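Novice: Structure file start_27.cif (mmCIF, C-alpha atoms) is given on the next line.
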data_work
loop_
_atom_site.label_atom_id
_atom_site.label_comp_id
_atom_site.auth_asym_id
_atom_site.auth_seq_id
_atom_site.Cartn_x
_atom_site.Cartn_y
_atom_site.Cartn_z
CA MET P 1 -26.21 -11.56 14.61
CA SER P 2 -24.44 -10.43 17.78
CA ASP P 3 -25.10 -7.05 19.42
CA TYR P 4 -21.40 -6.24 19.80
CA LEU P 5 -18.35 -6.21 17.56
CA THR P 6 -16.23 -9.35 17.49
CA GLY P 7 -12.45 -9.32 17.07
CA ALA P 8 -12.72 -9.46 13.28
CA GLY P 9 -15.16 -6.54 13.37
CA HIS P 10 -12.73 -4.44 15.42
CA PHE P 11 -9.95 -5.35 13.00
CA GLY P 12 -12.17 -4.31 10.08
CA VAL P 13 -13.01 -0.93 11.65
CA GLY P 14 -9.33 -0.28 12.45
CA PHE P 15 -8.30 -1.36 8.95
CA VAL P 16 -10.80 0.93 7.20
CA ILE P 17 -9.92 3.94 9.38
CA GLY P 18 -6.20 3.17 8.94
CA PHE P 19 -6.68 3.06 5.17
CA ALA P 20 -8.43 6.44 5.30
CA ILE P 21 -5.47 7.85 7.28
CA PHE P 22 -3.10 6.41 4.67
CA LEU P 23 -5.02 8.15 1.88
CA LEU P 24 -4.97 11.44 3.81
CA LEU P 25 -1.21 11.09 4.30
CA LEU P 26 -0.81 10.48 0.57
CA ILE P 27 -2.60 13.78 -0.10
CA ALA P 28 -0.81 15.71 2.64
CA PHE P 29 2.72 14.45 1.89
CA ARG P 30 2.40 13.87 -1.84
CA LYS P 31 6.10 14.16 -2.56
CA ALA P 32 7.40 12.09 0.34
CA LEU P 33 8.50 8.59 -0.52
CA TRP P 34 8.06 7.28 3.02
CA THR P 35 4.26 7.77 2.94
CA ARG P 36 4.07 5.68 -0.22
CA LEU P 37 6.38 3.00 1.11
CA TYR P 38 5.32 2.64 4.73
CA GLY P 39 1.84 4.22 4.71
CA PRO P 40 0.11 0.93 3.73
CA PHE P 41 1.24 -0.56 7.05
CA ILE P 42 -1.02 1.87 8.96
CA PRO P 43 -4.25 -0.11 8.31
CA PHE P 44 -2.57 -3.29 9.59
CA MET P 45 -1.16 -1.60 12.68
CA LEU P 46 -4.45 0.09 13.53
CA GLY P 47 -6.48 -3.04 12.80
CA GLY P 48 -4.12 -5.17 14.90
CA LEU P 49 -4.21 -2.69 17.77
CA ALA P 50 -8.02 -2.53 17.63
CA ALA P 51 -8.37 -6.32 17.77
CA LEU P 52 -5.71 -6.89 20.42
CA PRO P 53 -8.00 -6.94 23.52
CA TYR P 54 -10.15 -9.58 21.82
CA PHE P 55 -7.13 -11.82 21.43
CA PHE P 56 -6.56 -11.84 25.18
CA THR P 57 -10.04 -11.76 26.63
CA HIS P 58 -12.17 -13.13 23.78
CA GLN P 59 -15.52 -11.42 24.21
CA LEU P 60 -15.41 -8.35 26.39
CA MET P 61 -18.77 -6.90 27.28
CA CYS P 62 -19.43 -3.18 27.51
CA ASP P 63 -18.42 -2.56 31.13
CA TYR P 64 -14.66 -2.34 31.18
CA SER P 65 -12.20 0.16 32.46
CA SER P 66 -11.28 3.22 30.49
CA TRP P 67 -7.65 2.22 29.93
CA VAL P 68 -8.82 -0.27 27.29
CA GLN P 69 -9.58 2.82 25.15
CA VAL P 70 -5.83 2.73 24.44
CA PHE P 71 -6.55 -0.10 22.02
CA PHE P 72 -8.04 2.16 19.40
CA PHE P 73 -11.13 3.05 21.50
CA TYR P 74 -12.13 -0.60 21.90
CA PRO P 75 -14.97 -0.02 24.42
CA PHE P 76 -16.31 2.93 22.39
CA PHE P 77 -16.54 0.98 19.13
CA HIS P 78 -17.64 -2.25 20.80
CA CYS P 79 -21.37 -1.44 20.95
CA GLN P 80 -21.82 1.23 18.26
CA SER P 81 -25.00 0.02 16.57
CA LEU P 82 -24.13 1.27 13.09
CA LEU P 83 -20.70 -0.40 13.14
CA VAL P 84 -22.16 -3.57 14.63
CA LYS P 85 -24.70 -3.67 11.80
CA PHE P 86 -22.00 -3.72 9.10
CA PHE P 87 -18.91 -5.19 10.71
CA SER P 88 -20.42 -8.03 12.76
CA ASN P 89 -20.81 -9.94 9.50
CA LEU P 90 -17.49 -11.73 8.95
CA TYR P 91 -17.97 -11.97 5.20
CA ILE P 92 -18.36 -8.20 4.86
CA VAL P 93 -15.18 -7.66 6.91
CA VAL P 94 -13.29 -10.12 4.67
CA LEU P 95 -14.66 -8.49 1.51
CA VAL P 96 -13.88 -4.92 2.61
CA CYS P 97 -10.39 -5.71 3.95
CA GLY P 98 -9.64 -7.88 0.90
CA LEU P 99 -10.62 -5.13 -1.53
CA LEU P 100 -8.60 -2.55 0.38
CA TYR P 101 -5.61 -4.91 0.35
CA VAL P 102 -5.97 -5.25 -3.43
CA LEU P 103 -5.82 -1.43 -3.63
CA ILE P 104 -2.66 -1.46 -1.48
CA VAL P 105 -1.01 -4.03 -3.77
CA TRP P 106 -2.11 -2.01 -6.81
CA HIS P 107 -0.57 1.10 -5.24
CA TYR P 108 2.74 -0.72 -4.75
CA ILE P 109 2.77 -2.14 -8.31
CA ARG P 110 2.26 1.34 -9.77
CA LEU P 111 4.97 2.72 -7.50
CA VAL P 112 7.50 0.04 -8.49
CA LYS P 113 6.76 0.56 -12.19
CA TYR P 114 7.11 4.34 -11.84
CA VAL P 115 10.36 4.12 -9.88
CA ARG P 116 11.90 1.61 -12.32
CA ARG P 117 11.22 4.08 -15.12
CA TYR P 118 11.98 7.49 -13.60
CA GLY P 119 13.64 6.87 -10.23
CA TRP P 120 12.02 8.82 -7.42
CA GLN P 121 11.10 12.16 -8.99
CA PRO P 122 7.73 13.08 -7.54
CA GLY P 123 7.19 15.98 -9.97
CA ILE P 124 7.04 13.78 -13.06
CA LYS P 125 3.84 12.04 -13.91
CA ALA P 126 3.98 8.68 -15.63
CA LYS P 127 3.04 8.94 -19.29
CA LYS P 128 0.31 6.72 -20.57
CA LYS P 129 1.31 4.22 -23.19
CA ARG P 130 0.16 5.13 -26.66
CA ARG P 131 -1.55 2.42 -28.59
CA ARG P 132 -0.17 1.88 -32.01
CA HIS P 133 -2.72 1.74 -34.77
CA ALA P 134 -1.87 -0.31 -37.78
CA MET A 135 -14.17 -26.19 12.24
CA PRO A 136 -10.93 -24.86 10.94
CA GLU A 137 -12.32 -21.63 9.55
CA LYS A 138 -12.17 -20.84 5.87
CA HIS A 139 -9.25 -18.50 6.43
CA PHE A 140 -7.14 -21.45 7.59
CA TYR A 141 -7.57 -23.29 4.29
CA PHE A 142 -7.01 -20.08 2.38
CA ALA A 143 -3.84 -19.40 4.41
CA LEU A 144 -2.51 -22.89 3.61
CA GLY A 145 -3.19 -22.28 -0.06
CA ALA A 146 -1.60 -18.84 0.12
CA ALA A 147 1.52 -20.34 1.69
CA ALA A 148 1.70 -22.93 -1.12
CA GLY A 149 1.14 -20.12 -3.65
CA SER A 150 3.97 -18.12 -2.08
CA ALA A 151 6.26 -21.14 -2.44
CA VAL A 152 5.29 -21.41 -6.13
CA CYS A 153 6.05 -17.68 -6.55
CA VAL A 154 9.49 -18.09 -4.95
CA VAL A 155 10.30 -20.94 -7.35
CA ILE A 156 9.09 -18.91 -10.36
CA ALA A 157 11.07 -15.86 -9.16
CA LYS A 158 14.26 -17.88 -9.01
CA GLN A 159 13.72 -19.64 -12.33
CA ARG A 160 12.18 -16.82 -14.34
CA ARG A 161 15.32 -15.82 -16.27
CA LYS A 162 16.00 -19.41 -17.16
CA LEU A 163 12.38 -19.89 -18.18
CA ARG A 164 12.60 -16.79 -20.38
CA ASN A 165 15.20 -18.50 -22.53
CA THR A 166 13.47 -21.86 -22.72
CA SER A 167 9.72 -21.29 -22.61
CA ARG A 168 7.74 -19.54 -25.34
CA PHE A 169 5.03 -18.65 -22.88
CA PHE A 170 7.48 -16.72 -20.69
CA GLN A 171 8.96 -15.00 -23.76
CA TRP A 172 5.46 -13.88 -24.70
CA LEU A 173 4.86 -12.75 -21.12
CA TYR A 174 8.04 -10.64 -21.06
CA ARG A 175 7.13 -9.09 -24.41
CA LYS A 176 3.61 -8.30 -23.28
CA GLU A 177 4.47 -6.94 -19.83
CA PRO A 178 8.12 -6.68 -18.74
CA HIS A 179 7.01 -6.17 -15.12
CA TRP A 180 4.72 -9.22 -15.10
CA PHE A 181 6.24 -10.68 -11.94
CA LEU A 182 4.89 -7.76 -9.89
CA TYR A 183 1.44 -9.31 -10.28
CA PHE A 184 2.48 -12.45 -8.37
CA PRO A 185 -0.13 -11.98 -5.57
CA LEU A 186 -2.66 -13.17 -8.15
CA ILE A 187 -0.98 -16.61 -8.09
CA ILE A 188 -1.12 -16.63 -4.30
CA PHE A 189 -4.82 -15.77 -4.41
CA LEU A 190 -5.64 -18.43 -7.01
CA VAL A 191 -3.75 -21.19 -5.18
CA GLY A 192 -5.44 -20.02 -1.96
CA LEU A 193 -8.85 -20.45 -3.62
CA TRP A 194 -8.02 -24.12 -4.22
CA GLY A 195 -8.40 -24.70 -0.46
CA LEU A 196 -11.86 -23.11 -0.48
CA ILE A 197 -13.30 -25.27 -3.26
CA PRO A 198 -14.98 -27.85 -0.95
CA ASP A 199 -16.70 -25.03 0.96
CA ILE A 200 -17.77 -23.32 -2.27
CA ILE A 201 -19.21 -26.63 -3.53
CA HIS A 202 -21.03 -27.15 -0.26
CA PHE A 203 -22.39 -23.59 -0.07
CA SER A 204 -23.60 -23.68 -3.65
CA GLY A 205 -25.60 -26.80 -2.83
CA TRP A 206 -23.94 -28.95 -5.51
CA LEU A 207 -22.85 -31.59 -3.03
CA SER A 208 -23.78 -32.30 0.58
CA LYS A 209 -21.41 -31.89 3.52
CA GLU A 210 -21.13 -35.68 3.87
CA VAL A 211 -19.78 -35.94 0.33
CA THR A 212 -17.37 -33.00 0.70
CA ARG A 213 -15.87 -34.78 3.70
CA THR A 214 -14.88 -37.95 1.91
CA HIS A 215 -11.21 -38.79 1.46
CA LEU A 216 -11.15 -37.56 -2.12
CA PHE A 217 -11.45 -34.00 -0.80
CA ASP A 218 -8.12 -34.31 0.97
CA ILE A 219 -6.61 -33.01 -2.28
CA PHE A 220 -7.91 -29.57 -1.25
CA PHE A 221 -5.20 -29.03 1.36
CA PHE A 222 -6.30 -31.95 3.54
CA HIS A 223 -9.84 -30.64 3.93
CA THR A 224 -11.29 -33.93 5.23
CA THR A 225 -8.44 -34.53 7.70
CA PHE A 226 -8.79 -31.06 9.19
CA GLU A 227 -12.57 -31.42 9.40
CA HIS A 228 -11.99 -34.67 11.30
CA ILE A 229 -9.61 -32.84 13.67
CA GLU A 230 -12.34 -30.26 14.26
CA ASN A 231 -14.72 -32.97 15.49
CA THR A 232 -12.22 -34.83 17.65
CA MET A 233 -9.75 -32.21 18.95
CA PRO A 234 -11.31 -28.78 19.49
CA VAL A 235 -8.17 -27.39 21.20
CA VAL A 236 -5.99 -28.26 18.22
CA ASP A 237 -8.68 -26.74 16.00
CA ALA A 238 -8.46 -23.42 17.90
CA TYR A 239 -4.67 -23.40 17.54
CA LEU A 240 -4.98 -24.15 13.82
CA ASN A 241 -7.27 -21.14 13.39
CA LEU A 242 -4.79 -18.94 15.23
CA PHE A 243 -1.97 -20.34 13.10
CA GLY A 244 -4.00 -19.53 9.96
CA GLN A 245 -4.44 -15.93 11.07
CA PHE A 246 -0.73 -15.48 11.69
CA LEU A 247 0.13 -17.16 8.40
CA LEU A 248 -2.17 -14.82 6.48
CA ALA A 249 -0.74 -11.77 8.26
CA ILE A 250 2.83 -12.89 7.50
CA ILE A 251 2.03 -13.45 3.81
CA CYS A 252 0.24 -10.07 3.47
CA LEU A 253 3.03 -8.13 5.18
CA GLY A 254 5.74 -10.16 3.43
CA THR A 255 4.25 -9.25 0.04
CA MET A 256 4.33 -5.57 1.00
CA LEU A 257 7.95 -5.85 2.16
CA PHE A 258 8.84 -7.45 -1.18
CA TYR A 259 7.46 -4.40 -3.01
CA ILE A 260 9.35 -2.02 -0.69
CA LYS A 261 12.55 -3.93 -1.47
CA GLN A 262 11.83 -3.63 -5.20
CA VAL A 263 11.28 0.14 -4.90
CA LYS A 264 14.56 0.62 -3.02
CA LYS A 265 16.43 -1.55 -5.52
CA ALA A 266 14.95 0.38 -8.45
CA ILE A 267 15.88 3.75 -6.90
CA ALA A 268 19.46 2.56 -6.34
CA THR A 269 19.72 1.31 -9.94
CA VAL A 270 18.34 4.54 -11.43
CA ASP A 271 20.66 6.65 -9.22
CA GLU A 272 23.64 4.60 -10.29
CA ARG A 273 22.65 4.91 -13.94
CA SER A 274 22.28 8.69 -13.73
CA ARG A 275 25.63 9.00 -11.90
CA PHE A 276 27.26 6.98 -14.65
CA GLU A 277 25.67 9.16 -17.35
CA ASN A 278 26.83 12.35 -15.57
CA LYS A 279 30.38 11.02 -15.54
CA ILE A 280 30.27 10.48 -19.29
#
Spell out the structure here as structure tokens.
Specialist:
Amino acid sequence: MSDYLTGAGHFGVGFVIGFAIFLLLLIAFRKALWTRLYGPFIPFMLGGLAALPYFFTHQLMCDYSSWVQVFFFYPFFHCQSLLVKFFSNLYIVVLVCGLLYVLIVWHYIRLVKYVRRYGWQPGIKAKKKRRRHA
Amino acid sequence: MPEKHFYFALGAAAGSAVCVVIAKQRRKLRNTSRFFQWLYRKEPHWFLYFPLIIFLVGLWGLIPDIIHFSGWLSKEVTRTHLFDIFFFHTTFEHIENTMPVVDAYLNLFGQFLLAIICLGTMLFYIKQVKKAIATVDERSRFENKI
């Protein structure tokens, strides 16, 4: 196991934090449609931004200039031991990002179903289907 | 080697193509196939679950690796020509051994392909939401007129 985060690890960290931001936005702007529509892109944007230096330089070591912090604090996250412990394993990154992506798809499916039924009326909650008993 | 994500991305691309075909034919299939009639009766919004098809077709490309990891067959066996049916597994493994530069580009291509499919799926849902809102608005405007 390496003692620094690889590109996939940085993407994973950015993706998880981006997903958390998306959830916070959902709570803060509950009635806004744009958070529900475009919020799920935040994990991808943050993950992509976090992994961008790796694309160009492959494996940066810890001594780089501070401007690289622009890429979602790349040097700061690069050698954080706790993050390295979890996110240096590629399979864990794939599993975590995959599960979060399933949640994103699930969120969209529920949204489409809701909107097809009620239009966009954020006050109304979708009724649960009643099961008919014979 | 071409990483696992490359094979999965190839499968996901094939799965997306299958989904496009189904999307275009689904109304026709509703009239002809009993299975699709049952599907529409059970869940009218069944097509929204199409990423499942993409995932399952993507898994097809990972079967040789799953077999190898589980210890059922050795790597030598999973690289015979028969395993080319899993999205040209053997051919790409051969490329890995002989052309490492091409292999690196293939991995990069796989990453981009996966990203495009993920984001494309999300854009599809956004389009559906916008379409549904427009339809419901039009319906309510029509009802107000009456």
Novice: For chain A, list the residues within 6 Å of chain P, counting all atoms listed in the file, and write the list as a list of chain:residue names.
Specialist: A:Val263, A:Ala266, A:Ile267, A:Val270
Novice: Report as a list in words the residues that result from applying the PyMOL selection byres ((chain A and resi 151) around 12) to the structure here.
Specialist: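 Answer for the PyMOL selection byres ((chain A and resi 151) around 12): Leu144, Gly145, Ala146, Ala147, Ala148, Gly149, Ser150, Val152, Cys153, Val154, Val155, Ile156, Ala157, Lys158, Phe184, Pro185, Ile187, Ile188, Val191, Gly192 and Ile251 of chain A.
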Novice: Store the residues of this selection in a file with C-alpha atoms, as a tab-separated table (two decimals), in the frame of the given file.
Specialist:
chain	number	residue	atom	x	y	z
A	144	LEU	CA	-2.51	-22.89	3.61
A	145	GLY	CA	-3.19	-22.28	-0.06
A	146	ALA	CA	-1.60	-18.84	0.12
A	147	ALA	CA	1.52	-20.34	1.69
A	148	ALA	CA	1.70	-22.93	-1.12
A	149	GLY	CA	1.14	-20.12	-3.65
A	150	SER	CA	3.97	-18.12	-2.08
A	152	VAL	CA	5.29	-21.41	-6.13
A	153	CYS	CA	6.05	-17.68	-6.55
A	154	VAL	CA	9.49	-18.09	-4.95
A	155	VAL	CA	10.30	-20.94	-7.35
A	156	ILE	CA	9.09	-18.91	-10.36
A	157	ALA	CA	11.07	-15.86	-9.16
A	158	LYS	CA	14.26	-17.88	-9.01
A	184	PHE	CA	2.48	-12.45	-8.37
A	185	PRO	CA	-0.13	-11.98	-5.57
A	187	ILE	CA	-0.98	-16.61	-8.09
A	188	ILE	CA	-1.12	-16.63	-4.30
A	191	VAL	CA	-3.75	-21.19	-5.18
A	192	GLY	CA	-5.44	-20.02	-1.96
A	251	ILE	CA	2.03	-13.45	3.81
Novice: Leaving out Tyr4 in chain P and any residue of its chain fewer than 6 positions from it, which residues lie within 6 Å of it when counting all atoms listed in the file, given as a list in words?
Specialist: His78, Cys79 and Val84 of chain P
Novice: Quick one: everything within 12 Å of Phe246 in chain A, counting only C-alpha atoms, minus sequence neighbours fewer than 3 positions away in the same chain. Send it as a ChimeraX atom specification.
Specialist: /P:48 /A:139-140,143-144,147,239-243,249-254
Novice: What residues come out when you apply the PyMOL selection byres ((chain P and resi 13) around 8) to this file, written as number ranges by chain?
Specialist: P: 9-12, 14-17, 47, 50, 83, 87
Novice: Quick one, how far is CA of Lys138 in chain A from CA of Leu82 in chain P?
Specialist: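 Pair CA of Lys138 in chain A / CA of Leu82 in chain P returns 26.2 Å.
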Novice: Figure out the distance between CA of Leu186 in chain A and CA of Lys265 in chain A, please, to one decimal in Å.
Specialist: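 A separation of 22.5 Å between them.
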